[in-house]
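As provided, query_11.cif (mmCIF, C-alpha atoms and all ligand atoms) reads as follows.
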data_final
loop_
_atom_site.label_atom_id
_atom_site.label_comp_id
_atom_site.auth_asym_id
_atom_site.auth_seq_id
_atom_site.Cartn_x
_atom_site.Cartn_y
_atom_site.Cartn_z
CA MET A 13 -11.00 -20.05 -90.25
CA THR A 14 -11.04 -19.94 -86.45
CA TYR A 15 -8.29 -21.51 -84.35
CA LYS A 16 -9.19 -24.88 -82.79
CA PRO A 17 -7.29 -26.33 -79.83
CA GLN A 18 -6.49 -29.42 -81.89
CA HIS A 19 -4.43 -27.16 -84.19
CA TYR A 20 -1.89 -26.81 -81.37
CA ALA A 21 -0.07 -30.11 -81.88
CA VAL A 22 -0.08 -29.76 -85.69
CA VAL A 23 1.34 -26.23 -85.66
CA LEU A 24 3.89 -27.02 -82.94
CA ARG A 25 5.23 -30.10 -84.71
CA ALA A 26 5.27 -28.37 -88.12
CA GLY A 27 7.06 -25.36 -86.61
CA LEU A 28 9.64 -27.54 -84.87
CA ALA A 29 10.17 -29.49 -88.11
CA CYS A 30 10.87 -26.13 -89.79
CA ALA A 31 13.34 -25.27 -87.01
CA LEU A 32 15.16 -28.59 -87.51
CA LEU A 33 15.14 -28.09 -91.29
CA SER A 34 16.62 -24.61 -90.77
CA LEU A 35 19.43 -26.04 -88.65
CA GLY A 36 20.06 -28.74 -91.24
CA LEU A 37 20.24 -26.21 -94.09
CA VAL A 38 22.78 -24.15 -92.14
CA ALA A 39 24.82 -27.22 -91.08
CA THR A 40 25.09 -28.40 -94.68
CA GLY A 41 26.03 -24.95 -95.97
CA VAL A 42 22.92 -24.51 -98.12
CA VAL A 43 21.96 -21.39 -96.16
CA ALA A 44 24.40 -18.93 -94.53
CA TRP A 45 24.55 -19.19 -90.73
CA PRO A 46 23.52 -15.53 -90.03
CA TRP A 47 19.98 -16.59 -90.96
CA LEU A 48 19.89 -18.30 -87.55
CA PHE A 49 19.69 -14.81 -86.06
CA GLY A 50 16.30 -14.58 -87.80
CA ILE A 51 14.98 -17.45 -85.69
CA VAL A 52 16.32 -15.95 -82.46
CA ALA A 53 15.13 -12.41 -83.24
CA ALA A 54 11.62 -13.49 -84.31
CA TYR A 55 11.29 -15.80 -81.29
CA VAL A 56 12.30 -13.05 -78.84
CA PHE A 57 10.01 -10.57 -80.63
CA MET A 58 6.99 -12.89 -80.39
CA ALA A 59 7.70 -13.97 -76.80
CA VAL A 60 8.11 -10.39 -75.57
CA THR A 61 5.16 -8.91 -77.48
CA ASN A 62 2.92 -11.79 -76.31
CA SER A 63 3.97 -11.19 -72.72
CA ALA A 64 3.15 -7.49 -73.01
CA GLY A 65 0.11 -8.00 -75.27
CA PHE A 66 -2.04 -11.13 -74.90
CA HIS A 67 -0.95 -11.69 -71.31
CA ARG A 68 -0.52 -8.44 -69.43
CA LEU A 69 -2.63 -6.09 -71.59
CA PHE A 70 -5.53 -8.21 -72.88
CA ALA A 71 -5.89 -10.87 -70.15
CA HIS A 72 -5.01 -8.76 -67.10
CA ARG A 73 -5.43 -5.13 -68.18
CA SER A 74 -2.39 -4.41 -66.04
CA TYR A 75 -1.60 -1.18 -67.93
CA GLU A 76 -3.10 1.25 -70.45
CA THR A 77 -1.72 1.99 -73.88
CA SER A 78 -2.73 3.63 -77.16
CA LYS A 79 -5.04 2.07 -79.76
CA PHE A 80 -2.06 1.75 -82.08
CA TRP A 81 -0.16 -0.47 -79.64
CA GLU A 82 -3.29 -2.46 -78.78
CA THR A 83 -3.79 -3.25 -82.46
CA PHE A 84 -0.09 -3.95 -82.97
CA LEU A 85 0.01 -6.40 -80.02
CA LEU A 86 -3.23 -8.06 -81.16
CA ILE A 87 -1.75 -8.75 -84.60
CA THR A 88 1.66 -9.89 -83.36
CA GLY A 89 -0.01 -12.23 -80.84
CA THR A 90 -2.27 -13.62 -83.57
CA LEU A 91 0.73 -14.33 -85.80
CA SER A 92 2.19 -16.56 -83.06
CA CYS A 93 -0.39 -19.23 -83.97
CA TYR A 94 -1.54 -20.20 -80.49
CA GLY A 95 -5.09 -19.00 -80.55
CA SER A 96 -7.09 -15.80 -80.82
CA SER A 97 -6.94 -13.13 -78.14
CA LEU A 98 -10.47 -14.16 -77.04
CA GLN A 99 -9.54 -17.85 -76.70
CA TRP A 100 -6.21 -17.08 -75.05
CA CYS A 101 -7.72 -14.72 -72.48
CA VAL A 102 -10.57 -17.11 -71.55
CA MET A 103 -8.07 -19.93 -71.16
CA HIS A 104 -5.74 -17.75 -69.13
CA SER A 105 -8.43 -16.35 -66.84
CA ASP A 106 -9.49 -19.97 -66.15
CA HIS A 107 -5.86 -20.80 -65.44
CA HIS A 108 -5.71 -18.08 -62.77
CA ARG A 109 -9.09 -19.01 -61.31
CA TYR A 110 -8.55 -22.77 -61.20
CA SER A 111 -4.75 -23.12 -61.14
CA ASP A 112 -3.49 -26.54 -60.07
CA THR A 113 -6.99 -28.01 -59.84
CA GLU A 114 -8.87 -30.36 -62.16
CA LYS A 115 -10.34 -27.32 -63.93
CA ASP A 116 -6.95 -25.78 -64.74
CA PRO A 117 -6.68 -25.66 -68.58
CA HIS A 118 -2.93 -26.31 -68.34
CA GLN A 119 -2.69 -29.97 -67.37
CA PHE A 120 0.73 -31.50 -67.88
CA HIS A 121 1.21 -34.95 -66.41
CA SER A 122 4.62 -35.42 -67.98
CA PHE A 123 7.15 -33.45 -69.99
CA TRP A 124 5.93 -35.08 -73.23
CA ASP A 125 2.47 -33.59 -72.75
CA VAL A 126 3.81 -30.21 -73.89
CA PHE A 127 3.98 -31.65 -77.42
CA LYS A 128 0.33 -32.71 -77.35
CA SER A 129 -1.64 -29.79 -75.99
CA ASN A 130 -1.35 -26.63 -73.99
CA TYR A 131 -5.01 -26.87 -72.99
CA SER A 132 -6.91 -29.70 -71.36
CA THR A 133 -10.21 -28.66 -72.94
CA ASP A 134 -11.27 -29.90 -76.39
CA GLU A 135 -12.76 -26.51 -77.15
CA VAL A 136 -11.87 -23.30 -75.38
CA PRO A 137 -15.36 -22.11 -74.39
CA LEU A 138 -16.23 -18.59 -75.48
CA SER A 139 -19.08 -17.92 -73.12
CA SER A 140 -20.31 -14.78 -71.45
CA LYS A 141 -17.03 -14.38 -69.59
CA ARG A 142 -16.27 -10.90 -68.40
CA VAL A 143 -12.92 -10.86 -70.18
CA ILE A 144 -14.68 -11.50 -73.53
CA ALA A 145 -17.18 -8.67 -73.03
CA ARG A 146 -14.32 -6.33 -72.22
CA LEU A 147 -12.23 -7.33 -75.24
CA LEU A 148 -15.19 -7.11 -77.60
CA GLN A 149 -15.56 -3.44 -76.81
CA ARG A 150 -13.01 -3.32 -79.61
CA PRO A 151 -14.64 -5.29 -82.46
CA PHE A 152 -11.28 -6.07 -84.08
CA HIS A 153 -10.79 -8.83 -81.44
CA GLY A 154 -13.95 -10.54 -82.72
CA PHE A 155 -12.90 -10.08 -86.36
CA VAL A 156 -9.47 -11.59 -85.71
CA HIS A 157 -11.05 -14.51 -83.82
CA ARG A 158 -13.43 -15.23 -86.70
CA PHE A 159 -10.84 -15.01 -89.48
CA TYR A 160 -7.92 -16.21 -87.36
CA TRP A 161 -5.90 -18.21 -89.89
CA ALA A 162 -6.17 -15.48 -92.55
CA PHE A 163 -3.60 -13.49 -90.54
CA PRO A 164 -0.79 -16.10 -90.36
CA ALA A 165 -1.53 -17.00 -94.01
CA ALA A 166 -1.24 -13.37 -95.13
CA TRP A 167 1.99 -12.90 -93.15
CA SER A 168 3.40 -16.11 -94.65
CA LEU A 169 2.73 -14.76 -98.15
CA ILE A 170 4.43 -11.47 -97.29
CA MET A 171 7.51 -13.31 -95.97
CA LEU A 172 7.52 -15.60 -99.00
CA ALA A 173 7.45 -12.54 -101.27
CA ILE A 174 10.70 -11.47 -99.56
CA SER A 175 12.27 -14.95 -99.82
CA TRP A 176 11.66 -18.56 -98.83
CA LYS A 177 14.48 -18.20 -96.30
CA ALA A 178 12.66 -15.28 -94.64
CA LEU A 179 9.51 -17.41 -94.40
CA LEU A 180 11.37 -20.39 -92.94
CA PHE A 181 13.88 -18.67 -90.64
CA CYS A 182 11.94 -15.55 -89.64
CA TYR A 183 8.43 -16.97 -89.29
CA TRP A 184 7.64 -20.69 -89.45
CA ALA A 185 10.63 -21.98 -87.45
CA PRO A 186 10.32 -19.35 -84.65
CA VAL A 187 6.56 -20.05 -84.41
CA GLY A 188 7.43 -23.64 -83.45
CA VAL A 189 9.97 -22.43 -80.91
CA VAL A 190 7.66 -19.83 -79.35
CA ILE A 191 4.75 -22.29 -78.98
CA LEU A 192 7.06 -24.86 -77.40
CA SER A 193 8.57 -22.26 -75.07
CA ALA A 194 5.11 -21.13 -73.90
CA ALA A 195 4.10 -24.73 -73.12
CA LEU A 196 7.44 -25.43 -71.40
CA PHE A 197 6.95 -22.32 -69.31
CA ASN A 198 3.49 -23.47 -68.23
CA TYR A 199 4.95 -26.90 -67.42
CA ILE A 200 7.91 -25.58 -65.41
CA ALA A 201 6.32 -22.57 -63.68
CA HIS A 202 3.89 -24.80 -61.73
CA ASP A 203 4.93 -27.70 -59.51
CA ALA A 204 3.41 -29.75 -56.70
CA ASP A 205 3.34 -26.63 -54.48
CA GLY A 206 1.59 -24.47 -57.11
CA PRO A 207 3.08 -21.56 -59.11
CA ASN A 208 6.80 -21.01 -58.52
CA ASN A 209 9.45 -18.38 -59.18
CA SER A 210 11.80 -20.93 -60.74
CA ALA A 211 14.70 -19.24 -62.49
CA TYR A 212 14.57 -21.99 -65.16
CA SER A 213 11.32 -20.60 -66.49
CA VAL A 214 13.07 -17.35 -67.50
CA LEU A 215 14.84 -19.34 -70.22
CA PHE A 216 11.60 -20.25 -71.94
CA ALA A 217 9.59 -17.09 -72.18
CA SER A 218 12.02 -14.19 -72.56
CA GLY A 219 11.55 -12.91 -69.07
CA GLU A 220 7.99 -14.05 -68.28
CA TRP A 221 9.41 -15.25 -65.00
CA ARG A 222 8.48 -15.02 -61.28
CA HIS A 223 5.20 -16.82 -61.81
CA ARG A 224 4.26 -17.16 -58.15
CA LEU A 225 4.41 -13.38 -57.80
CA HIS A 226 2.30 -13.09 -60.96
CA HIS A 227 -0.41 -15.35 -59.46
CA GLU A 228 -0.34 -13.36 -56.22
CA LYS A 229 -0.54 -10.00 -58.01
CA PRO A 230 -1.94 -10.60 -61.53
CA GLY A 231 -2.64 -6.90 -62.07
CA ARG A 232 1.05 -6.01 -61.81
CA TRP A 233 2.72 -5.26 -65.18
CA ASP A 234 6.28 -5.34 -63.79
CA LEU A 235 7.38 -8.57 -62.11
CA ARG A 236 10.79 -7.31 -61.04
CA GLU A 237 11.48 -6.90 -57.34
CA LYS A 238 15.28 -6.65 -57.45
CA TRP A 239 17.40 -4.62 -59.84
CA TRP A 240 18.87 -7.78 -61.35
CA HIS A 241 15.51 -9.43 -62.09
CA ILE A 242 14.85 -9.86 -65.80
CA ASP A 243 11.43 -8.95 -67.22
CA CYS A 244 11.54 -8.30 -70.97
CA GLY A 245 7.76 -7.80 -71.13
CA ALA A 246 8.08 -5.00 -68.56
CA TYR A 247 10.88 -3.36 -70.59
CA LEU A 248 8.53 -3.14 -73.59
CA ILE A 249 5.60 -1.97 -71.44
CA MET A 250 7.73 0.84 -70.03
CA LEU A 251 8.08 2.14 -73.59
CA ILE A 252 4.43 1.90 -74.66
CA LYS A 253 2.26 2.41 -71.57
CA ARG A 254 0.40 5.62 -70.95
ZN ZN B 301 0.21 -20.08 -63.71
ZN ZN B 302 -1.55 -14.26 -66.01
#

Starting from the file, give its structure as structure tokens.
Amino acid sequence: MTYKPQHYAVVLRAGLACALLSLGLVATGVVAWPWLFGIVAAYVFMAVTNSAGFHRLFAHRSYETSKFWETFLLITGTLSCYGSSLQWCVMHSDHHRYSDTEKDPHQFHSFWDVFKSNYSTDEVPLSSKRVIARLLQRPFHGFVHRFYWAFPAAWSLIMLAISWKALLFCYWAPVGVVILSAALFNYIAHDADGPNNSAYSVLFASGEWRHRLHHEKPGRWDLREKWWHIDCGAYLIMLIKR
């Protein structure tokens, strides 16, 4: 029941197929158009909570929060279907350590690679990395890693109990969009000169922007330097940090 890197392409393509099906159902009048707000709202929710949770809290420990919010962000990140917190944090710490080298887990040689894999490794190695030891101080991370797919399955059943439209528009379709947006961000936020602050990347990750600054100061939870900079993850962190 653990997440395997080869699940990436299956889940992404299935999620995007659900997104296209959703658009088709709205275009043909089978489903009322306000359901499209479900896709947008769930996508923004997952993108922002993953920025504040898996990325800035679990991978970088850039702020402190309560056990309630840690658990909440662990579950919401798990429901996004792109790996357990342990796998994600190992992959991400390797990305920071080896960025733009042969060992960088994000290897995109062309745009189309984002549909194949977000990791270059066949298996994300869960070794004696420091980030793993730190996360496992809370055993729930290990439990979620072990029974990974039970969480998306349980949430799917809950949404289905509400309605099939809730499952399609508020979960499965936005999962495809959020996985694609994360891969597009990783593709765009690095170029031949390394990590960049490209404004285009803000479109794909709900404010997980200014990536060069993030590589320079990975312990910083707020990536805004000007009043007009957008950082949705930081807006959430302002509300939940201690
Ligand atoms: Zn990077
Ligand atoms: Zn990072």

Practice problem: Take CA of Gly41 in chain A and CA of Leu215 in chain A and report the distance between them in Å, one decimal. | Solution: 28.6 Å

Exercise. Calculate how many Å separate CA of Trp124 in chain A from CA of Phe197 in chain A, rounding to one decimal.
Key: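 Result for CA of Trp124 in chain A versus CA of Phe197 in chain A: 13.4 Å, one decimal.
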
Exercise. Dump the neighbourhood of ligand ZN 302 (chain B) as a list in words: all residues within 7 Å, distances computed on all atoms listed in the file.
Key: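 Written in the requested form, the residues are His67, Arg68, Ala71, His72, His104, His108, His226, His227 and Pro230 of chain A.
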
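Those DNA, RNA and protein residues that approach the point (7.4, -17.5, -59.2) to within 8 Å, considering all atoms listed in the file, are Ala201, Pro207, Asn208, Asn209, Ser210, Trp221, Arg222, His223, Arg224, Leu225 and His226 of chain A.
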
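Interatomic distance, CA of Ile144 in chain A against CA of Arg158 in chain A: 13.7 Å.
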
Self-check item: Which of A:Lys253, A:Lys79, A:His202, A:Arg146 sits closest to ligand ZN 301 (chain B) [using all atoms listed in the file]
Solution: A:His202

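Each of A:Val189, A:Leu147, A:Ala166, A:Ala173 was checked against Ala31 in chain A using all atoms listed in the file; the smallest atom-to-atom distance is that of A:Val189.
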
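Across A:His121, A:Asp205, A:Cys30, A:Lys141, the tightest approach to ligand ZN 301 (chain B) is made by A:Asp205 when counting all atoms listed in the file.
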
Quiz prompt | Spatial neighbours of Asp234 in chain A, 12 Å, all atoms listed in the file, chain gap at least 5 places, as a count of residues only | solution = 26

Practice problem: Excluding Gly95 in chain A and any residue of its chain fewer than 4 positions from it, enumerate the residues within 12 Å of it, using only C-alpha atoms, and give them as an MDAnalysis selection string. | Solution: chainID A and resid 13:20 23 62 66 86:91 99:104 130:131 135:136 153 156:161 163:164 191

Quiz item: Using all atoms listed in the file, which residue out of A:Glu114, A:Glu228, A:Glu76, A:Asp125 lies closest to ligand ZN 301 (chain B)?
Solution: A:Glu228

Quiz item: Given the choices A:Met58, A:Ala29, A:Leu251, A:Trp240, which gets closest to Thr77 in chain A if the distance is worked out from only C-alpha atoms?
Solution: A:Leu251

Quiz item: Restricting the calculation to only C-alpha atoms and all ligand atoms, which member of A:Gly231, A:Gly36, A:Pro46, A:Pro117 is positioned closest to ligand ZN 301 (chain B)?
Solution: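 With only C-alpha atoms and all ligand atoms as the atom set, the closest residue is A:Pro117.
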
Residue rebuild result range 171-207 of chain A, N, CA and C atoms as an mmCIF file, in the coordinates of the input:
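Contents of selection-v1.cif, as written:
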data_model
loop_
_atom_site.group_PDB
_atom_site.id
_atom_site.type_symbol
_atom_site.label_atom_id
_atom_site.label_comp_id
_atom_site.auth_asym_id
_atom_site.auth_seq_id
_atom_site.Cartn_x
_atom_site.Cartn_y
_atom_site.Cartn_z
ATOM 1 N N MET A 171 6.132 -12.830 -96.186
ATOM 2 C CA MET A 171 7.510 -13.310 -95.970
ATOM 3 C C MET A 171 8.013 -14.064 -97.188
ATOM 4 N N LEU A 172 7.122 -14.842 -97.817
ATOM 5 C CA LEU A 172 7.520 -15.600 -99.000
ATOM 6 C C LEU A 172 7.863 -14.657 -100.150
ATOM 7 N N ALA A 173 7.147 -13.521 -100.215
ATOM 8 C CA ALA A 173 7.450 -12.540 -101.270
ATOM 9 C C ALA A 173 8.855 -11.967 -101.070
ATOM 10 N N ILE A 174 9.322 -11.941 -99.822
ATOM 11 C CA ILE A 174 10.700 -11.470 -99.560
ATOM 12 C C ILE A 174 11.676 -12.580 -99.977
ATOM 13 N N SER A 175 11.506 -13.763 -99.391
ATOM 14 C CA SER A 175 12.270 -14.950 -99.820
ATOM 15 C C SER A 175 11.796 -16.153 -99.026
ATOM 16 N N TRP A 176 12.052 -17.352 -99.564
ATOM 17 C CA TRP A 176 11.660 -18.560 -98.830
ATOM 18 C C TRP A 176 12.459 -18.679 -97.535
ATOM 19 N N LYS A 177 13.679 -18.134 -97.527
ATOM 20 C CA LYS A 177 14.480 -18.200 -96.300
ATOM 21 C C LYS A 177 13.861 -17.315 -95.218
ATOM 22 N N ALA A 178 13.325 -16.159 -95.606
ATOM 23 C CA ALA A 178 12.660 -15.280 -94.640
ATOM 24 C C ALA A 178 11.444 -15.993 -94.039
ATOM 25 N N LEU A 179 10.684 -16.691 -94.893
ATOM 26 C CA LEU A 179 9.510 -17.410 -94.400
ATOM 27 C C LEU A 179 9.918 -18.513 -93.417
ATOM 28 N N LEU A 180 10.960 -19.264 -93.780
ATOM 29 C CA LEU A 180 11.370 -20.390 -92.940
ATOM 30 C C LEU A 180 12.052 -19.922 -91.657
ATOM 31 N N PHE A 181 13.049 -19.036 -91.789
ATOM 32 C CA PHE A 181 13.880 -18.670 -90.640
ATOM 33 C C PHE A 181 13.255 -17.567 -89.781
ATOM 34 N N CYS A 182 12.457 -16.703 -90.391
ATOM 35 C CA CYS A 182 11.940 -15.550 -89.640
ATOM 36 C C CYS A 182 10.470 -15.692 -89.285
ATOM 37 N N TYR A 183 9.824 -16.804 -89.695
ATOM 38 C CA TYR A 183 8.430 -16.970 -89.290
ATOM 39 C C TYR A 183 8.107 -18.411 -88.871
ATOM 40 N N TRP A 184 8.140 -19.352 -89.791
ATOM 41 C CA TRP A 184 7.640 -20.690 -89.450
ATOM 42 C C TRP A 184 8.471 -21.378 -88.371
ATOM 43 N N ALA A 185 9.798 -21.332 -88.476
ATOM 44 C CA ALA A 185 10.630 -21.980 -87.450
ATOM 45 C C ALA A 185 10.445 -21.310 -86.080
ATOM 46 N N PRO A 186 10.520 -19.970 -85.978
ATOM 47 C CA PRO A 186 10.320 -19.350 -84.650
ATOM 48 C C PRO A 186 8.917 -19.554 -84.080
ATOM 49 N N VAL A 187 7.901 -19.734 -84.938
ATOM 50 C CA VAL A 187 6.560 -20.050 -84.410
ATOM 51 C C VAL A 187 6.610 -21.360 -83.623
ATOM 52 N N GLY A 188 7.293 -22.376 -84.178
ATOM 53 C CA GLY A 188 7.430 -23.640 -83.450
ATOM 54 C C GLY A 188 8.145 -23.451 -82.129
ATOM 55 N N VAL A 189 9.191 -22.638 -82.142
ATOM 56 C CA VAL A 189 9.970 -22.430 -80.910
ATOM 57 C C VAL A 189 9.152 -21.651 -79.877
ATOM 58 N N VAL A 190 8.394 -20.657 -80.315
ATOM 59 C CA VAL A 190 7.660 -19.830 -79.350
ATOM 60 C C VAL A 190 6.491 -20.623 -78.739
ATOM 61 N N ILE A 191 5.850 -21.482 -79.533
ATOM 62 C CA ILE A 191 4.750 -22.290 -78.980
ATOM 63 C C ILE A 191 5.316 -23.290 -77.974
ATOM 64 N N LEU A 192 6.444 -23.916 -78.334
ATOM 65 C CA LEU A 192 7.060 -24.860 -77.400
ATOM 66 C C LEU A 192 7.503 -24.151 -76.126
ATOM 67 N N SER A 193 8.076 -22.961 -76.263
ATOM 68 C CA SER A 193 8.570 -22.260 -75.070
ATOM 69 C C SER A 193 7.415 -21.876 -74.147
ATOM 70 N N ALA A 194 6.260 -21.492 -74.731
ATOM 71 C CA ALA A 194 5.110 -21.130 -73.900
ATOM 72 C C ALA A 194 4.606 -22.348 -73.124
ATOM 73 N N ALA A 195 4.553 -23.510 -73.798
ATOM 74 C CA ALA A 195 4.100 -24.730 -73.120
ATOM 75 C C ALA A 195 5.105 -25.161 -72.060
ATOM 76 N N LEU A 196 6.408 -25.063 -72.384
ATOM 77 C CA LEU A 196 7.440 -25.430 -71.400
ATOM 78 C C LEU A 196 7.363 -24.521 -70.178
ATOM 79 N N PHE A 197 7.097 -23.242 -70.440
ATOM 80 C CA PHE A 197 6.950 -22.320 -69.310
ATOM 81 C C PHE A 197 5.799 -22.753 -68.416
ATOM 82 N N ASN A 198 4.643 -23.051 -69.032
ATOM 83 C CA ASN A 198 3.490 -23.470 -68.230
ATOM 84 C C ASN A 198 3.775 -24.756 -67.473
ATOM 85 N N TYR A 199 4.592 -25.631 -68.070
ATOM 86 C CA TYR A 199 4.950 -26.900 -67.420
ATOM 87 C C TYR A 199 5.896 -26.651 -66.233
ATOM 88 N N ILE A 200 6.876 -25.772 -66.425
ATOM 89 C CA ILE A 200 7.910 -25.580 -65.410
ATOM 90 C C ILE A 200 7.458 -24.629 -64.291
ATOM 91 N N ALA A 201 6.649 -23.623 -64.644
ATOM 92 C CA ALA A 201 6.320 -22.570 -63.680
ATOM 93 C C ALA A 201 5.295 -23.011 -62.626
ATOM 94 N N HIS A 202 4.768 -24.234 -62.767
ATOM 95 C CA HIS A 202 3.890 -24.800 -61.730
ATOM 96 C C HIS A 202 4.477 -26.141 -61.306
ATOM 97 N N ASP A 203 4.490 -26.392 -60.007
ATOM 98 C CA ASP A 203 4.930 -27.700 -59.510
ATOM 99 C C ASP A 203 3.943 -28.174 -58.456
ATOM 100 N N ALA A 204 4.333 -29.161 -57.680
ATOM 101 C CA ALA A 204 3.410 -29.750 -56.700
ATOM 102 C C ALA A 204 2.938 -28.733 -55.672
ATOM 103 N N ASP A 205 3.709 -27.661 -55.463
ATOM 104 C CA ASP A 205 3.340 -26.630 -54.480
ATOM 105 C C ASP A 205 2.615 -25.446 -55.135
ATOM 106 N N GLY A 206 2.283 -25.565 -56.435
ATOM 107 C CA GLY A 206 1.590 -24.470 -57.110
ATOM 108 C C GLY A 206 2.557 -23.653 -57.960
ATOM 109 N N PRO A 207 2.192 -22.395 -58.283
ATOM 110 C CA PRO A 207 3.080 -21.560 -59.110
ATOM 111 C C PRO A 207 4.389 -21.282 -58.386
#
